[in-house]
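Participant: Input: one structure, supplied below.
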Amino acid sequence: MGERRERPERGDRNGGRNDRSGGGRKPNPPDQTNAENFYYQKQMQSRTPMVLVLRDGEEVHGVIEWYDRACLKVNRSSGPNLMIYKPAIKYMYKEGENIRK
């Protein structure tokens with residue numbers, strides 16, 4: 001019981017590896033996956049008639065003309081064109097698709 005063993009130096013314990021190089025937390029996922037942008041571009045190029053259902057229940061029918069980070073511009077045949085803020089949109093779908101409510 002009186003025998004004491006020598007401990008290896010701290011750097012030798014890991015076989016020369018540095019603990020901080022790869023064993024930390026995962027990086028945060030990106031803020032944007034570009035899936036939303038790809039969807040908007042596809043609908044714009046094909047000029048797909050869309051239905052945008054707003055948070056208050058109003059339905060806007062039209063074609064997406066352009067978009068940016070905060071809003072969409074929708075061309076409508078039945079009224080003036082609209083710029084709609086994205087947070088005001090509850091969901092959207094292609095006109096003619098059956099949506100269960």
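Chain labels A, B, ... are given in the sequence in which chains occur in the structure tokens; within each chain residues are numbered consecutively from 1, and ligands are likewise numbered from 1 in the order shown.
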From chain A, collect each residue whose DSSP state is strand (DSSP E) and return the set as a PyMOL selection string.

Facilitator: chain A and resi 49-54+59-67+71-75+82-85+89-94

Participant: Using only C-alpha atoms, find each residue in segment 26-76 of chain A having at least one atom no more than 12 Å away from segment 95-98 of chain A; report its shortest atom-to-atom pair and that distance in Å (one decimal), rows by chain then rising number, as CSV.

Facilitator:
residue,atom,partner,partner_atom,distance
A:Gln43,CA,A:Glu95,CA,11.4
A:Arg47,CA,A:Glu95,CA,11.4
A:Thr48,CA,A:Glu95,CA,7.9
A:Pro49,CA,A:Glu95,CA,5.5
A:Met50,CA,A:Glu95,CA,4.9
A:Val51,CA,A:Glu95,CA,5.6
A:Leu52,CA,A:Glu95,CA,9.2
A:Val53,CA,A:Glu95,CA,11.3
A:Glu59,CA,A:Glu95,CA,11.0
A:Val60,CA,A:Glu95,CA,10.4
A:His61,CA,A:Glu95,CA,7.7
A:Gly62,CA,A:Glu95,CA,8.7
A:Val63,CA,A:Glu95,CA,9.8

Participant: Can you list, as number ranges by chain, every residue of segment 25-98 of chain A that DSSP puts in alpha helix (DSSP H)?

Facilitator: A: 35-45

Participant: Taking only C-alpha atoms into account, name the residue in A:Arg4, A:Tyr40, A:Gly79, A:Lys86 that is nearest to Glu65 of chain A.

Facilitator: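 Looking only at the distances to Glu65 of chain A, the closest residue turns out to be A:Tyr40.
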
Participant: Ranking A:Asp56, A:Ile64, A:Ile89, A:Asn37 by minimum distance to Arg76 of chain A and counting only C-alpha atoms, which one comes first?

Facilitator: A:Ile64

Participant: What's the separation between atom CA of Leu82 of chain A and atom CA of Asp68 of chain A, in Å to one decimal place?

Facilitator: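 Atom-to-atom, atom CA of Leu82 of chain A to atom CA of Asp68 of chain A, that is 13.9 Å.
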